[in-house]
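J.: This is the content of run.pdb (PDB, C-alpha atoms):
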```
ATOM      1  CA  MET A   1       0.000   0.000   0.000
ATOM      2  CA  SER A   2       2.856   2.387   0.824
ATOM      3  CA  VAL A   3       4.374   1.648  -2.569
ATOM      4  CA  LEU A   4       1.050   2.350  -4.245
ATOM      5  CA  ALA A   5       0.739   5.614  -2.329
ATOM      6  CA  ALA A   6       4.269   6.636  -3.262
ATOM      7  CA  ILE A   7       3.764   6.056  -6.975
ATOM      8  CA  ARG A   8       0.343   7.731  -7.195
ATOM      9  CA  PRO A   9       0.443  10.029 -10.235
ATOM     10  CA  ASP A  10       0.410  13.750  -9.415
ATOM     11  CA  SER A  11      -2.762  14.204 -11.477
ATOM     12  CA  TRP A  12      -4.681  12.088  -8.918
ATOM     13  CA  ASN A  13      -3.744  14.301  -5.985
ATOM     14  CA  PHE A  14      -6.131  17.217  -6.469
ATOM     15  CA  PRO A  15      -9.290  15.092  -6.938
ATOM     16  CA  LEU A  16      -8.225  13.017  -3.921
ATOM     17  CA  PHE A  17      -7.673  16.231  -1.930
ATOM     18  CA  LEU A  18     -11.176  17.484  -2.814
ATOM     19  CA  HIS A  19     -12.660  14.099  -1.894
ATOM     20  CA  VAL A  20     -10.916  13.920   1.484
ATOM     21  CA  LEU A  21     -11.487  17.602   2.310
ATOM     22  CA  GLY A  22     -15.188  17.270   1.475
ATOM     23  CA  ALA A  23     -15.472  14.144   3.607
ATOM     24  CA  MET A  24     -13.758  15.932   6.502
ATOM     25  CA  ILE A  25     -16.148  18.898   6.207
ATOM     26  CA  LEU A  26     -19.077  16.455   6.063
ATOM     27  CA  VAL A  27     -17.940  14.648   9.216
ATOM     28  CA  GLY A  28     -17.234  17.987  10.935
ATOM     29  CA  GLY A  29     -20.711  19.249  10.075
ATOM     30  CA  LEU A  30     -22.323  16.044  11.310
ATOM     31  CA  LEU A  31     -20.339  16.106  14.565
ATOM     32  CA  THR A  32     -21.277  19.745  15.166
ATOM     33  CA  ALA A  33     -24.945  19.180  14.322
ATOM     34  CA  ALA A  34     -25.226  16.073  16.475
ATOM     35  CA  SER A  35     -23.479  17.774  19.420
ATOM     36  CA  ALA A  36     -25.607  20.916  19.269
ATOM     37  CA  LEU A  37     -28.863  18.952  18.870
ATOM     38  CA  ALA A  38     -27.908  16.490  21.621
ATOM     39  CA  PHE A  39     -27.057  19.159  24.180
ATOM     40  CA  ALA A  40     -29.837  21.621  23.271
ATOM     41  CA  ARG A  41     -32.355  20.180  25.777
ATOM     42  CA  GLY A  42     -35.147  22.019  23.973
ATOM     43  CA  GLU A  43     -33.247  25.314  23.774
ATOM     44  CA  ALA A  44     -34.225  26.943  20.461
ATOM     45  CA  LYS A  45     -30.927  28.666  19.595
ATOM     46  CA  LEU A  46     -28.854  25.520  20.052
ATOM     47  CA  LEU A  47     -31.388  23.447  18.096
ATOM     48  CA  ARG A  48     -31.205  25.945  15.237
ATOM     49  CA  LEU A  49     -27.403  25.910  15.427
ATOM     50  CA  GLY A  50     -27.483  22.133  15.055
ATOM     51  CA  TYR A  51     -29.813  22.288  12.084
ATOM     52  CA  TRP A  52     -27.836  25.022  10.308
ATOM     53  CA  SER A  53     -24.599  23.071  10.862
ATOM     54  CA  LEU A  54     -26.186  20.204   8.986
ATOM     55  CA  LEU A  55     -27.441  22.436   6.186
ATOM     56  CA  GLY A  56     -24.542  24.888   5.924
ATOM     57  CA  VAL A  57     -21.580  22.581   6.646
ATOM     58  CA  ALA A  58     -22.471  18.892   6.255
ATOM     59  CA  LEU A  59     -24.422  19.251   2.986
ATOM     60  CA  PRO A  60     -21.734  21.276   1.124
ATOM     61  CA  GLY A  61     -19.197  18.803   2.532
ATOM     62  CA  TRP A  62     -21.136  15.894   1.067
ATOM     63  CA  VAL A  63     -21.334  17.628  -2.343
ATOM     64  CA  LEU A  64     -17.564  18.306  -2.365
ATOM     65  CA  MET A  65     -16.849  14.748  -1.184
ATOM     66  CA  ARG A  66     -19.042  13.276  -3.952
ATOM     67  CA  ILE A  67     -17.563  15.466  -6.706
ATOM     68  CA  GLY A  68     -14.057  14.469  -5.601
ATOM     69  CA  ALA A  69     -15.126  10.819  -5.361
ATOM     70  CA  GLY A  70     -16.463  10.728  -8.918
ATOM     71  CA  TRP A  71     -13.368  12.483 -10.212
ATOM     72  CA  ILE A  72     -10.818  10.253  -8.463
ATOM     73  CA  TYR A  73     -12.876   7.141  -9.359
ATOM     74  CA  SER A  74     -12.512   8.064 -13.012
ATOM     75  CA  LYS A  75      -8.840   9.116 -12.679
ATOM     76  CA  GLU A  76      -7.918   5.809 -11.050
ATOM     77  CA  GLY A  77      -9.656   3.924 -13.851
ATOM     78  CA  TRP A  78     -12.239   2.106 -11.709
ATOM     79  CA  ASP A  79     -14.879   3.009 -14.296
ATOM     80  CA  ASP A  80     -12.860   1.216 -16.948
ATOM     81  CA  LEU A  81     -12.302  -2.221 -15.401
ATOM     82  CA  PRO A  82     -12.336  -5.254 -17.712
ATOM     83  CA  ALA A  83     -15.528  -7.315 -17.802
ATOM     84  CA  GLY A  84     -15.800  -9.703 -14.871
ATOM     85  CA  VAL A  85     -13.506  -7.645 -12.636
ATOM     86  CA  ASP A  86     -15.346  -6.067  -9.722
ATOM     87  CA  ASP A  87     -14.507  -3.031  -7.629
ATOM     88  CA  PRO A  88     -12.637  -4.008  -4.431
ATOM     89  CA  GLY A  89     -14.658  -4.333  -1.236
ATOM     90  CA  TRP A  90     -13.256  -1.186   0.417
ATOM     91  CA  LEU A  91     -14.297   0.875  -2.615
ATOM     92  CA  VAL A  92     -17.783  -0.656  -2.718
ATOM     93  CA  THR A  93     -18.171   0.068   1.017
ATOM     94  CA  GLY A  94     -17.175   3.703   0.498
ATOM     95  CA  ILE A  95     -19.448   4.167  -2.513
ATOM     96  CA  VAL A  96     -22.470   2.474  -0.910
ATOM     97  CA  ILE A  97     -22.181   4.398   2.372
ATOM     98  CA  GLY A  98     -21.329   7.654   0.610
ATOM     99  CA  ASP A  99     -24.286   7.474  -1.741
ATOM    100  CA  ALA A 100     -26.773   5.959   0.706
ATOM    101  CA  GLY A 101     -25.918   8.823   3.055
ATOM    102  CA  ALA A 102     -27.321  11.382   0.602
ATOM    103  CA  PRO A 103     -31.043  10.493   0.919
ATOM    104  CA  ILE A 104     -30.654  10.087   4.686
ATOM    105  CA  LEU A 105     -29.003  13.518   4.884
ATOM    106  CA  LEU A 106     -31.773  15.027   2.754
ATOM    107  CA  VAL A 107     -34.497  13.427   4.888
ATOM    108  CA  SER A 108     -32.818  14.689   8.058
ATOM    109  CA  LEU A 109     -32.611  18.190   6.527
ATOM    110  CA  ILE A 110     -36.282  18.182   5.489
ATOM    111  CA  VAL A 111     -37.426  16.812   8.840
ATOM    112  CA  GLY A 112     -35.145  19.264  10.633
ATOM    113  CA  GLY A 113     -36.355  22.162   8.486
ATOM    114  CA  VAL A 114     -39.949  21.411   9.459
ATOM    115  CA  GLY A 115     -38.757  21.056  13.053
ATOM    116  CA  VAL A 116     -37.119  24.499  12.996
ATOM    117  CA  TYR A 117     -40.307  25.970  11.461
ATOM    118  CA  ARG A 118     -42.418  24.356  14.197
ATOM    119  CA  LEU A 119     -39.975  25.666  16.788
ATOM    120  CA  ARG A 120     -40.606  29.197  15.486
ATOM    121  CA  GLN A 121     -44.352  28.587  15.920
ATOM    122  CA  GLY A 122     -43.711  27.671  19.561
ATOM    123  CA  LYS A 123     -44.390  23.981  19.015
ATOM    124  CA  GLY A 124     -42.212  21.075  20.237
ATOM    125  CA  SER A 125     -38.767  20.017  19.094
ATOM    126  CA  GLY A 126     -39.612  16.347  18.465
ATOM    127  CA  LEU A 127     -38.720  16.465  14.772
ATOM    128  CA  LEU A 128     -35.270  17.802  15.589
ATOM    129  CA  LYS A 129     -34.747  14.731  17.771
ATOM    130  CA  ALA A 130     -35.305  12.679  14.624
ATOM    131  CA  THR A 131     -32.729  14.870  12.877
ATOM    132  CA  LEU A 132     -30.330  14.178  15.748
ATOM    133  CA  ALA A 133     -30.884  10.417  15.427
ATOM    134  CA  LEU A 134     -30.294  10.519  11.661
ATOM    135  CA  SER A 135     -27.158  12.658  12.146
ATOM    136  CA  LEU A 136     -25.746  10.105  14.575
ATOM    137  CA  VAL A 137     -26.516   7.257  12.158
ATOM    138  CA  LEU A 138     -24.786   9.167   9.350
ATOM    139  CA  LEU A 139     -21.795   9.994  11.550
ATOM    140  CA  ALA A 140     -21.351   6.328  12.503
ATOM    141  CA  ALA A 141     -21.759   5.224   8.876
ATOM    142  CA  TYR A 142     -19.183   7.714   7.600
ATOM    143  CA  VAL A 143     -16.699   6.635  10.276
ATOM    144  CA  VAL A 144     -17.039   3.097   8.876
ATOM    145  CA  ALA A 145     -16.603   4.468   5.319
ATOM    146  CA  VAL A 146     -13.441   6.376   6.293
ATOM    147  CA  TRP A 147     -12.093   3.267   8.035
ATOM    148  CA  ALA A 148     -12.764   1.160   4.916
ATOM    149  CA  MET A 149     -11.327   3.660   2.437
ATOM    150  CA  ALA A 150      -8.225   4.369   4.534
ATOM    151  CA  GLY A 151      -7.467   0.798   5.642
ATOM    152  CA  LYS A 152      -8.527  -0.852   2.375
ATOM    153  CA  PRO A 153      -9.266  -4.181   4.121
ATOM    154  CA  SER A 154      -9.747  -6.189   0.927
TER     155      SER A 154
ATOM    156  CA  MET B   1      -6.387  -6.514   7.137
ATOM    157  CA  SER B   2      -2.813  -6.176   8.389
ATOM    158  CA  PHE B   3      -1.774  -4.401  11.584
ATOM    159  CA  ASP B   4      -0.291  -1.513   9.556
ATOM    160  CA  GLN B   5      -3.552  -1.158   7.620
ATOM    161  CA  TRP B   6      -5.387  -0.863  10.946
ATOM    162  CA  ILE B   7      -2.913   1.772  12.129
ATOM    163  CA  LEU B   8      -3.295   3.665   8.837
ATOM    164  CA  ALA B   9      -7.099   3.569   9.107
ATOM    165  CA  LEU B  10      -6.958   4.831  12.702
ATOM    166  CA  HIS B  11      -4.415   7.509  11.690
ATOM    167  CA  VAL B  12      -6.797   8.787   8.997
ATOM    168  CA  LEU B  13      -9.773   8.589  11.376
ATOM    169  CA  SER B  14      -7.757  10.655  13.866
ATOM    170  CA  ALA B  15      -7.133  13.243  11.146
ATOM    171  CA  PHE B  16     -10.889  13.344  10.501
ATOM    172  CA  ALA B  17     -11.530  13.868  14.225
ATOM    173  CA  TYR B  18      -8.961  16.700  14.316
ATOM    174  CA  VAL B  19     -10.497  18.511  11.342
ATOM    175  CA  ALA B  20     -14.053  17.822  12.586
ATOM    176  CA  GLY B  21     -13.109  19.492  15.885
ATOM    177  CA  ILE B  22     -11.710  22.519  14.046
ATOM    178  CA  ILE B  23     -14.895  22.787  11.956
ATOM    179  CA  LEU B  24     -17.021  22.487  15.106
ATOM    180  CA  PHE B  25     -15.093  25.416  16.603
ATOM    181  CA  TRP B  26     -15.715  27.489  13.449
ATOM    182  CA  VAL B  27     -19.447  26.969  13.946
ATOM    183  CA  LEU B  28     -19.106  27.895  17.633
ATOM    184  CA  ILE B  29     -17.141  31.030  16.725
ATOM    185  CA  ALA B  30     -20.047  32.031  14.470
ATOM    186  CA  ALA B  31     -22.564  31.191  17.225
ATOM    187  CA  VAL B  32     -20.741  33.086  19.949
ATOM    188  CA  TRP B  33     -20.406  36.162  17.690
ATOM    189  CA  LYS B  34     -23.968  37.175  18.636
ATOM    190  CA  ALA B  35     -23.888  35.855  22.211
ATOM    191  CA  ASP B  36     -24.181  38.847  24.504
ATOM    192  CA  THR B  37     -25.773  37.149  27.522
ATOM    193  CA  PRO B  38     -24.149  34.776  30.020
ATOM    194  CA  ASP B  39     -26.767  32.109  29.301
ATOM    195  CA  ALA B  40     -26.224  32.225  25.526
ATOM    196  CA  THR B  41     -22.482  31.802  26.064
ATOM    197  CA  ILE B  42     -22.576  29.149  28.793
ATOM    198  CA  ARG B  43     -25.031  26.887  26.969
ATOM    199  CA  LEU B  44     -22.367  26.278  24.305
ATOM    200  CA  GLU B  45     -20.037  24.714  26.872
ATOM    201  CA  PRO B  46     -21.055  21.040  26.310
ATOM    202  CA  VAL B  47     -20.490  21.471  22.570
ATOM    203  CA  VAL B  48     -17.081  23.029  23.313
ATOM    204  CA  LYS B  49     -16.225  19.869  25.275
ATOM    205  CA  VAL B  50     -17.083  17.694  22.260
ATOM    206  CA  GLY B  51     -14.811  19.880  20.124
ATOM    207  CA  ASN B  52     -11.998  19.651  22.671
ATOM    208  CA  ALA B  53     -12.346  15.856  22.764
ATOM    209  CA  ALA B  54     -12.301  15.621  18.949
ATOM    210  CA  VAL B  55      -9.225  17.851  18.663
ATOM    211  CA  GLY B  56      -7.472  16.044  21.524
ATOM    212  CA  ILE B  57      -8.123  12.540  20.182
ATOM    213  CA  GLY B  58      -7.411  13.689  16.637
ATOM    214  CA  ALA B  59      -4.152  15.479  17.430
ATOM    215  CA  GLY B  60      -2.879  12.644  19.626
ATOM    216  CA  GLY B  61      -3.924   9.934  17.196
ATOM    217  CA  THR B  62      -2.437  11.583  14.129
ATOM    218  CA  ILE B  63       1.000  12.130  15.651
ATOM    219  CA  VAL B  64       1.361   8.823  17.539
ATOM    220  CA  LEU B  65       0.008   6.635  14.739
ATOM    221  CA  GLY B  66       1.684   8.776  12.071
ATOM    222  CA  VAL B  67       5.114   8.349  13.666
ATOM    223  CA  TRP B  68       4.397   4.616  14.037
ATOM    224  CA  LEU B  69       3.616   4.405  10.316
ATOM    225  CA  ALA B  70       6.753   6.362   9.400
ATOM    226  CA  PHE B  71       8.855   3.695  11.135
ATOM    227  CA  SER B  72       6.714   0.728  10.119
ATOM    228  CA  PHE B  73       6.014   1.352   6.419
ATOM    229  CA  GLY B  74       8.822   0.209   4.189
ATOM    230  CA  GLY B  75       8.594   3.085   1.733
ATOM    231  CA  TYR B  76       8.748   5.917   4.264
ATOM    232  CA  ASN B  77      11.264   7.216   6.795
ATOM    233  CA  ILE B  78      10.770   9.572   9.719
ATOM    234  CA  TRP B  79      13.423  11.910   8.239
ATOM    235  CA  ASP B  80      11.624  12.216   4.869
ATOM    236  CA  GLY B  81      11.084  15.915   4.174
ATOM    237  CA  TRP B  82       7.306  15.689   3.864
ATOM    238  CA  ILE B  83       7.040  13.784   7.172
ATOM    239  CA  ILE B  84       9.263  16.286   9.004
ATOM    240  CA  ALA B  85       7.168  19.108   7.468
ATOM    241  CA  ALA B  86       3.973  17.413   8.713
ATOM    242  CA  ILE B  87       5.364  17.057  12.241
ATOM    243  CA  VAL B  88       6.503  20.713  12.321
ATOM    244  CA  LEU B  89       3.103  21.858  11.008
ATOM    245  CA  TRP B  90       1.361  19.625  13.564
ATOM    246  CA  VAL B  91       3.316  21.289  16.401
ATOM    247  CA  ILE B  92       2.471  24.749  15.026
ATOM    248  CA  SER B  93      -1.235  23.871  14.681
ATOM    249  CA  LEU B  94      -1.330  22.586  18.244
ATOM    250  CA  ALA B  95       0.333  25.735  19.593
ATOM    251  CA  LEU B  96      -2.074  27.944  17.637
ATOM    252  CA  GLY B  97      -5.040  25.837  18.748
ATOM    253  CA  GLN B  98      -3.994  26.074  22.384
ATOM    254  CA  ARG B  99      -3.806  29.891  22.118
ATOM    255  CA  THR B 100      -7.175  29.978  20.335
ATOM    256  CA  GLY B 101      -8.647  28.029  23.243
ATOM    257  CA  VAL B 102      -7.235  30.516  25.743
ATOM    258  CA  ALA B 103      -8.723  33.437  23.778
ATOM    259  CA  TYR B 104     -12.221  31.932  23.631
ATOM    260  CA  THR B 105     -12.182  30.601  27.210
ATOM    261  CA  GLN B 106     -12.103  34.228  28.368
ATOM    262  CA  GLY B 107     -15.650  34.661  27.057
ATOM    263  CA  MET B 108     -16.857  31.570  28.920
ATOM    264  CA  THR B 109     -15.122  32.744  32.114
ATOM    265  CA  LYS B 110     -16.637  36.223  31.784
ATOM    266  CA  ALA B 111     -20.088  34.722  31.247
ATOM    267  CA  GLN B 112     -19.744  32.576  34.370
ATOM    268  CA  GLU B 113     -18.618  35.626  36.394
ATOM    269  CA  LEU B 114     -21.629  37.619  35.201
ATOM    270  CA  GLN B 115     -23.977  34.745  35.977
ATOM    271  CA  SER B 116     -22.496  34.342  39.465
ATOM    272  CA  ALA B 117     -23.036  38.070  40.005
ATOM    273  CA  GLY B 118     -26.704  37.623  39.056
ATOM    274  CA  GLN B 119     -26.416  39.519  35.776
ATOM    275  CA  ALA B 120     -28.486  37.645  33.216
ATOM    276  CA  GLY B 121     -29.081  40.439  30.698
ATOM    277  CA  PRO B 122     -27.056  41.511  27.652
ATOM    278  CA  SER B 123     -23.514  42.674  28.314
ATOM    279  CA  ALA B 124     -21.497  44.714  25.819
ATOM    280  CA  GLU B 125     -18.330  43.676  27.620
ATOM    281  CA  LEU B 126     -19.173  39.965  27.237
ATOM    282  CA  LEU B 127     -20.020  40.456  23.571
ATOM    283  CA  ALA B 128     -16.665  42.166  23.007
ATOM    284  CA  VAL B 129     -14.804  39.289  24.705
ATOM    285  CA  ASN B 130     -16.778  36.724  22.687
ATOM    286  CA  ARG B 131     -15.881  38.559  19.476
ATOM    287  CA  THR B 132     -12.161  38.243  20.133
ATOM    288  CA  SER B 133     -10.314  39.143  16.944
ATOM    289  CA  ARG B 134      -7.163  37.505  18.370
ATOM    290  CA  GLY B 135      -9.043  34.214  18.771
ATOM    291  CA  LEU B 136     -10.506  34.501  15.276
ATOM    292  CA  VAL B 137      -7.108  35.134  13.670
ATOM    293  CA  LEU B 138      -5.491  32.295  15.656
ATOM    294  CA  HIS B 139      -8.224  29.831  14.679
ATOM    295  CA  PHE B 140      -7.925  30.905  11.049
ATOM    296  CA  LEU B 141      -4.148  30.368  11.147
ATOM    297  CA  SER B 142      -4.598  27.010  12.881
ATOM    298  CA  SER B 143      -7.063  25.936  10.176
ATOM    299  CA  VAL B 144      -4.673  27.012   7.408
ATOM    300  CA  VAL B 145      -1.847  25.022   9.014
ATOM    301  CA  VAL B 146      -4.044  21.905   9.261
ATOM    302  CA  LEU B 147      -5.012  22.369   5.611
ATOM    303  CA  LEU B 148      -1.296  22.491   4.769
ATOM    304  CA  ILE B 149      -0.812  19.207   6.657
ATOM    305  CA  LEU B 150      -3.574  17.624   4.557
ATOM    306  CA  ILE B 151      -1.970  18.932   1.354
ATOM    307  CA  ASP B 152       1.427  17.632   2.541
ATOM    308  CA  MET B 153      -0.057  14.211   3.351
ATOM    309  CA  ILE B 154      -1.692  13.877  -0.079
ATOM    310  CA  TRP B 155       1.017  15.338  -2.324
ATOM    311  CA  LYS B 156       3.918  13.944  -0.221
ATOM    312  CA  PRO B 157       6.462  16.339  -1.761
ATOM    313  CA  GLY B 158       9.803  14.648  -2.293
ATOM    314  CA  ALA B 159       8.467  11.134  -1.652
TER     315      ALA B 159
END
```
Could you express the structure from this file as C-alpha cells?
T.:
Amino acid sequence: MSVLAAIRPDSWNFPLFLHVLGAMILVGGLLTAASALAFARGEAKLLRLGYWSLLGVALPGWVLMRIGAGWIYSKEGWDDLPAGVDDPGWLVTGIVIGDAGAPILLVSLIVGGVGVYRLRQGKGSGLLKATLALSLVLLAAYVVAVWAMAGKPS
Amino acid sequence: MSFDQWILALHVLSAFAYVAGIILFWVLIAAVWKADTPDATIRLEPVVKVGNAAVGIGAGGTIVLGVWLAFSFGGYNIWDGWIIAAIVLWVISLALGQRTGVAYTQGMTKAQELQSAGQAGPSAELLAVNRTSRGLVLHFLSSVVVLLILIDMIWKPGA
C-alpha cells in the first residue's frame, strides 16, 4: 500500500484532496450538528445551530466529497475495469455508504427544516430529535466508510 | 487486514476527528459572535467539550500513529522531508489551537462571572470578549496550518 501511495500520479492528488477535504467537512458538520442537537435540551438557539450546521456545513461537505469521489474514481480507472472484474470491497463500502448517506441527509434536513419551522411557531422540538438520530446514524456510517477507504481491508 | 492497515485507518480517522473538531469550533465562533448574555455563552459549553475531545483525540492519534507508520512502512522514513514538514506543522497547529482556546475561554469565564453576580441580561463587555479578533485570527491560522498538513499528506512532496 505504501508503494502504491508513493507512486500515485500527481494528477490524482487534487481530486483526492477534494474528496478527502469534502469528507472531513461532512464529518465535521455532522459532529457539530449532532453535538448541538444532543445538548440543546429544547433550547431553540442551540437546536437551530445544530440544524444550520447540517445544512450549511455537512451538505456542502457531502457535495464536495461526492464530486471528488467521482473524479478520483474516473482518474484511477475504476470506471474502466475489464468485464468480470469487480470493484474491491473497500471501494464498494465507500461508494455504498457515501451514496446511501445522501437520501438520509436530505431526509434529516427536510425533517429538521420542518422542526425548525415548528420551533418558530412555539411547538415542540420532536422532529429535531429525529434529525439528531439521523445525524448520529450518518456519523457512525461515515466513520465506517473512512475506516474502509483508509485501511482498504480487501 | 494487516496491523499496519489498521494503524493507517486509525491515523486517517484521527485526522478526521482533528479537522471535525476545528470545523465544530468554526461553527461555535459564528454562534458566539452574537452571544451577549451569560446564558447564551454558557449553553455552548457542552459542545465546546465535544470539540476539545475531537481535537485532543485527533491530534494525539495523528501524531502517535503517524510516527508509528513512518517507522513501520517500508517506503517511508521519519526523516523524509514531507514527514518532518507534517510534524513541524502539527506542532504549530497545536500551539495555535492552544492559544485559540485561551482566547475563547475568556468569554466563557466572563459569562460565568456575570452569571455568578446575578447579571443575566445583555452585556457589551461579554459580547466584546466573545468577538475576540485575536481568537478569530489564531483559529484561522490554525485551520490554514491543518489544511497544509492535509496537502502535505496527499502530495507527499519529495516522496
J.: Kindly provide the residues of chain B that approach chain A to within 9 Å, each paired with its closest atom pair and their distance in Å to one decimal, based on all atoms listed in the file, listed by chain and increasing number, as JSON lines.
T.:
```
{"residue": "B:Met1", "atom": "CA", "partner": "A:Pro153", "partner_atom": "CA", "distance": 4.8}
{"residue": "B:Ser2", "atom": "CA", "partner": "A:Pro153", "partner_atom": "CA", "distance": 8.0}
{"residue": "B:Asp4", "atom": "CA", "partner": "A:Gly151", "partner_atom": "CA", "distance": 8.5}
{"residue": "B:Gln5", "atom": "CA", "partner": "A:Gly151", "partner_atom": "CA", "distance": 4.8}
{"residue": "B:Trp6", "atom": "CA", "partner": "A:Gly151", "partner_atom": "CA", "distance": 5.9}
{"residue": "B:Ile7", "atom": "CA", "partner": "A:Gly151", "partner_atom": "CA", "distance": 8.0}
{"residue": "B:Leu8", "atom": "CA", "partner": "A:Gly151", "partner_atom": "CA", "distance": 6.0}
{"residue": "B:Ala9", "atom": "CA", "partner": "A:Gly151", "partner_atom": "CA", "distance": 4.5}
{"residue": "B:Leu10", "atom": "CA", "partner": "A:Trp147", "partner_atom": "CA", "distance": 7.1}
{"residue": "B:His11", "atom": "CA", "partner": "A:Ala150", "partner_atom": "CA", "distance": 8.7}
{"residue": "B:Val12", "atom": "CA", "partner": "A:Ala150", "partner_atom": "CA", "distance": 6.4}
{"residue": "B:Leu13", "atom": "CA", "partner": "A:Val146", "partner_atom": "CA", "distance": 6.6}
{"residue": "B:Ala15", "atom": "CA", "partner": "A:Met24", "partner_atom": "CA", "distance": 8.5}
{"residue": "B:Phe16", "atom": "CA", "partner": "A:Met24", "partner_atom": "CA", "distance": 5.6}
{"residue": "B:Ala17", "atom": "CA", "partner": "A:Gly28", "partner_atom": "CA", "distance": 7.8}
{"residue": "B:Val19", "atom": "CA", "partner": "A:Met24", "partner_atom": "CA", "distance": 6.4}
{"residue": "B:Ala20", "atom": "CA", "partner": "A:Gly28", "partner_atom": "CA", "distance": 3.6}
{"residue": "B:Gly21", "atom": "CA", "partner": "A:Gly28", "partner_atom": "CA", "distance": 6.6}
{"residue": "B:Ile22", "atom": "CA", "partner": "A:Gly28", "partner_atom": "CA", "distance": 7.8}
{"residue": "B:Ile23", "atom": "CA", "partner": "A:Gly28", "partner_atom": "CA", "distance": 5.4}
{"residue": "B:Leu24", "atom": "CA", "partner": "A:Thr32", "partner_atom": "CA", "distance": 5.1}
{"residue": "B:Phe25", "atom": "CA", "partner": "A:Thr32", "partner_atom": "CA", "distance": 8.5}
{"residue": "B:Val27", "atom": "CA", "partner": "A:Ser53", "partner_atom": "CA", "distance": 7.2}
{"residue": "B:Leu28", "atom": "CA", "partner": "A:Thr32", "partner_atom": "CA", "distance": 8.8}
{"residue": "B:Ala31", "atom": "CA", "partner": "A:Leu49", "partner_atom": "CA", "distance": 7.4}
{"residue": "B:Ala40", "atom": "CA", "partner": "A:Lys45", "partner_atom": "CA", "distance": 8.4}
{"residue": "B:Arg43", "atom": "CA", "partner": "A:Leu46", "partner_atom": "CA", "distance": 8.0}
{"residue": "B:Leu44", "atom": "CA", "partner": "A:Leu46", "partner_atom": "CA", "distance": 7.8}
{"residue": "B:Pro46", "atom": "CA", "partner": "A:Phe39", "partner_atom": "CA", "distance": 6.6}
{"residue": "B:Val47", "atom": "CA", "partner": "A:Ser35", "partner_atom": "CA", "distance": 5.7}
{"residue": "B:Val50", "atom": "CA", "partner": "A:Ser35", "partner_atom": "CA", "distance": 7.0}
{"residue": "B:Gly51", "atom": "CA", "partner": "A:Thr32", "partner_atom": "CA", "distance": 8.1}
{"residue": "B:Phe73", "atom": "CA", "partner": "A:Ser2", "partner_atom": "CA", "distance": 6.5}
{"residue": "B:Gly74", "atom": "CA", "partner": "A:Ser2", "partner_atom": "CA", "distance": 7.2}
{"residue": "B:Gly75", "atom": "CA", "partner": "A:Ser2", "partner_atom": "CA", "distance": 5.9}
{"residue": "B:Tyr76", "atom": "CA", "partner": "A:Ser2", "partner_atom": "CA", "distance": 7.7}
{"residue": "B:Leu147", "atom": "CA", "partner": "A:Leu21", "partner_atom": "CA", "distance": 8.7}
{"residue": "B:Leu150", "atom": "CA", "partner": "A:Phe17", "partner_atom": "CA", "distance": 7.8}
{"residue": "B:Ile151", "atom": "CA", "partner": "A:Phe17", "partner_atom": "CA", "distance": 7.1}
{"residue": "B:Ile154", "atom": "CA", "partner": "A:Asn13", "partner_atom": "CA", "distance": 6.3}
{"residue": "B:Trp155", "atom": "CA", "partner": "A:Asn13", "partner_atom": "CA", "distance": 6.1}
{"residue": "B:Lys156", "atom": "CA", "partner": "A:Ala6", "partner_atom": "CA", "distance": 7.9}
{"residue": "B:Ala159", "atom": "CA", "partner": "A:Ala6", "partner_atom": "CA", "distance": 6.4}
```
J.: Dump as a PyMOL selection string all residues having an atom at most 9 Å from (-9.0, 31.2, 14.3), computed in the file's coordinates with all atoms listed in the file.
T.: chain B and resi 25-26+29+96-97+100+133-143
J.: I'd like the interatomic distance between CA of Lys129 in chain A and CA of Glu45 in chain B, to a tenth of an Å.
T.: 20.0 Å
J.: Neighbours of Ser125 in chain A within 7 Å (all atoms listed in the file; same-chain residues fewer than 3 positions away dropped), as a ChimeraX atom specification?
T.: /A:42,115,119,128-129
J.: CA of Leu55 in chain A and CA of Leu139 in chain A are how many Å apart?
T.: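 So the answer is 14.7 Å.
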J.: In Å, with one decimal, what is the gap from CA of Ile87 in chain B to CA of Leu65 in chain B?
T.: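 Interatomic distance, CA of Ile87 in chain B to CA of Leu65 in chain B: 12.0 Å.
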J.: From the set B:Ala124, B:Val91, B:Ala30, B:Ile84, which residue has the shortest atom-to-atom contact distance to Gly60 in chain B, counting all atoms listed in the file?
T.: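 Answer, going by the shortest atom-to-atom distance: B:Val91.
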J.: Report the centre and edge lengths, in Å to one decimal, of an axis-aligned box enclosing every atom of range 64-81 of chain B listed in the file, padded by 5 Å on each side, as lines of an AutoDock Vina configuration file.
T.:
```
center_x = 6.7
center_y = 8.1
center_z = 9.6
size_x = 23.4
size_y = 25.7
size_z = 25.8
```
J.: I'd like the contact shell of range 100-106 of chain A - 10 Å cut-off, only C-alpha atoms, skipping same-chain residues fewer than 2 positions apart - returned as a list of chain:residue names.
T.: A:Leu30, A:Leu54, A:Leu55, A:Ala58, A:Leu59, A:Trp62, A:Val63, A:Arg66, A:Gly94, A:Ile95, A:Val96, A:Ile97, A:Gly98, A:Ser108, A:Leu109, A:Ile110, A:Val111, A:Gly112, A:Thr131, A:Leu134, A:Ser135, A:Val137, A:Leu138, A:Leu139, A:Ala141, A:Tyr142
J.: Compile the contact shell of Ala85 in chain B as a list in words: residues with an atom at most 12 Å away, counting all atoms listed in the file, same-chain residues fewer than 2 positions apart removed.
T.: Ile78, Trp79, Asp80, Gly81, Trp82, Ile83, Ile87, Val88, Leu89, Trp90, Val91, Ile92, Val145, Val146, Leu148, Ile149, Leu150, Ile151, Asp152, Met153, Lys156, Pro157 and Gly158 of chain B
J.: Taking (-22.8, 41.3, 23.7) in the file's own coordinates, collect the residues within 7 Å, counting all atoms listed in the file, and hand them back as a list in words.
T.: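 The answer, in the requested form, is Lys34, Ala35, Asp36, Thr37, Pro122, Ser123, Ala124, Glu125, Leu126, Leu127 and Ala128 of chain B.
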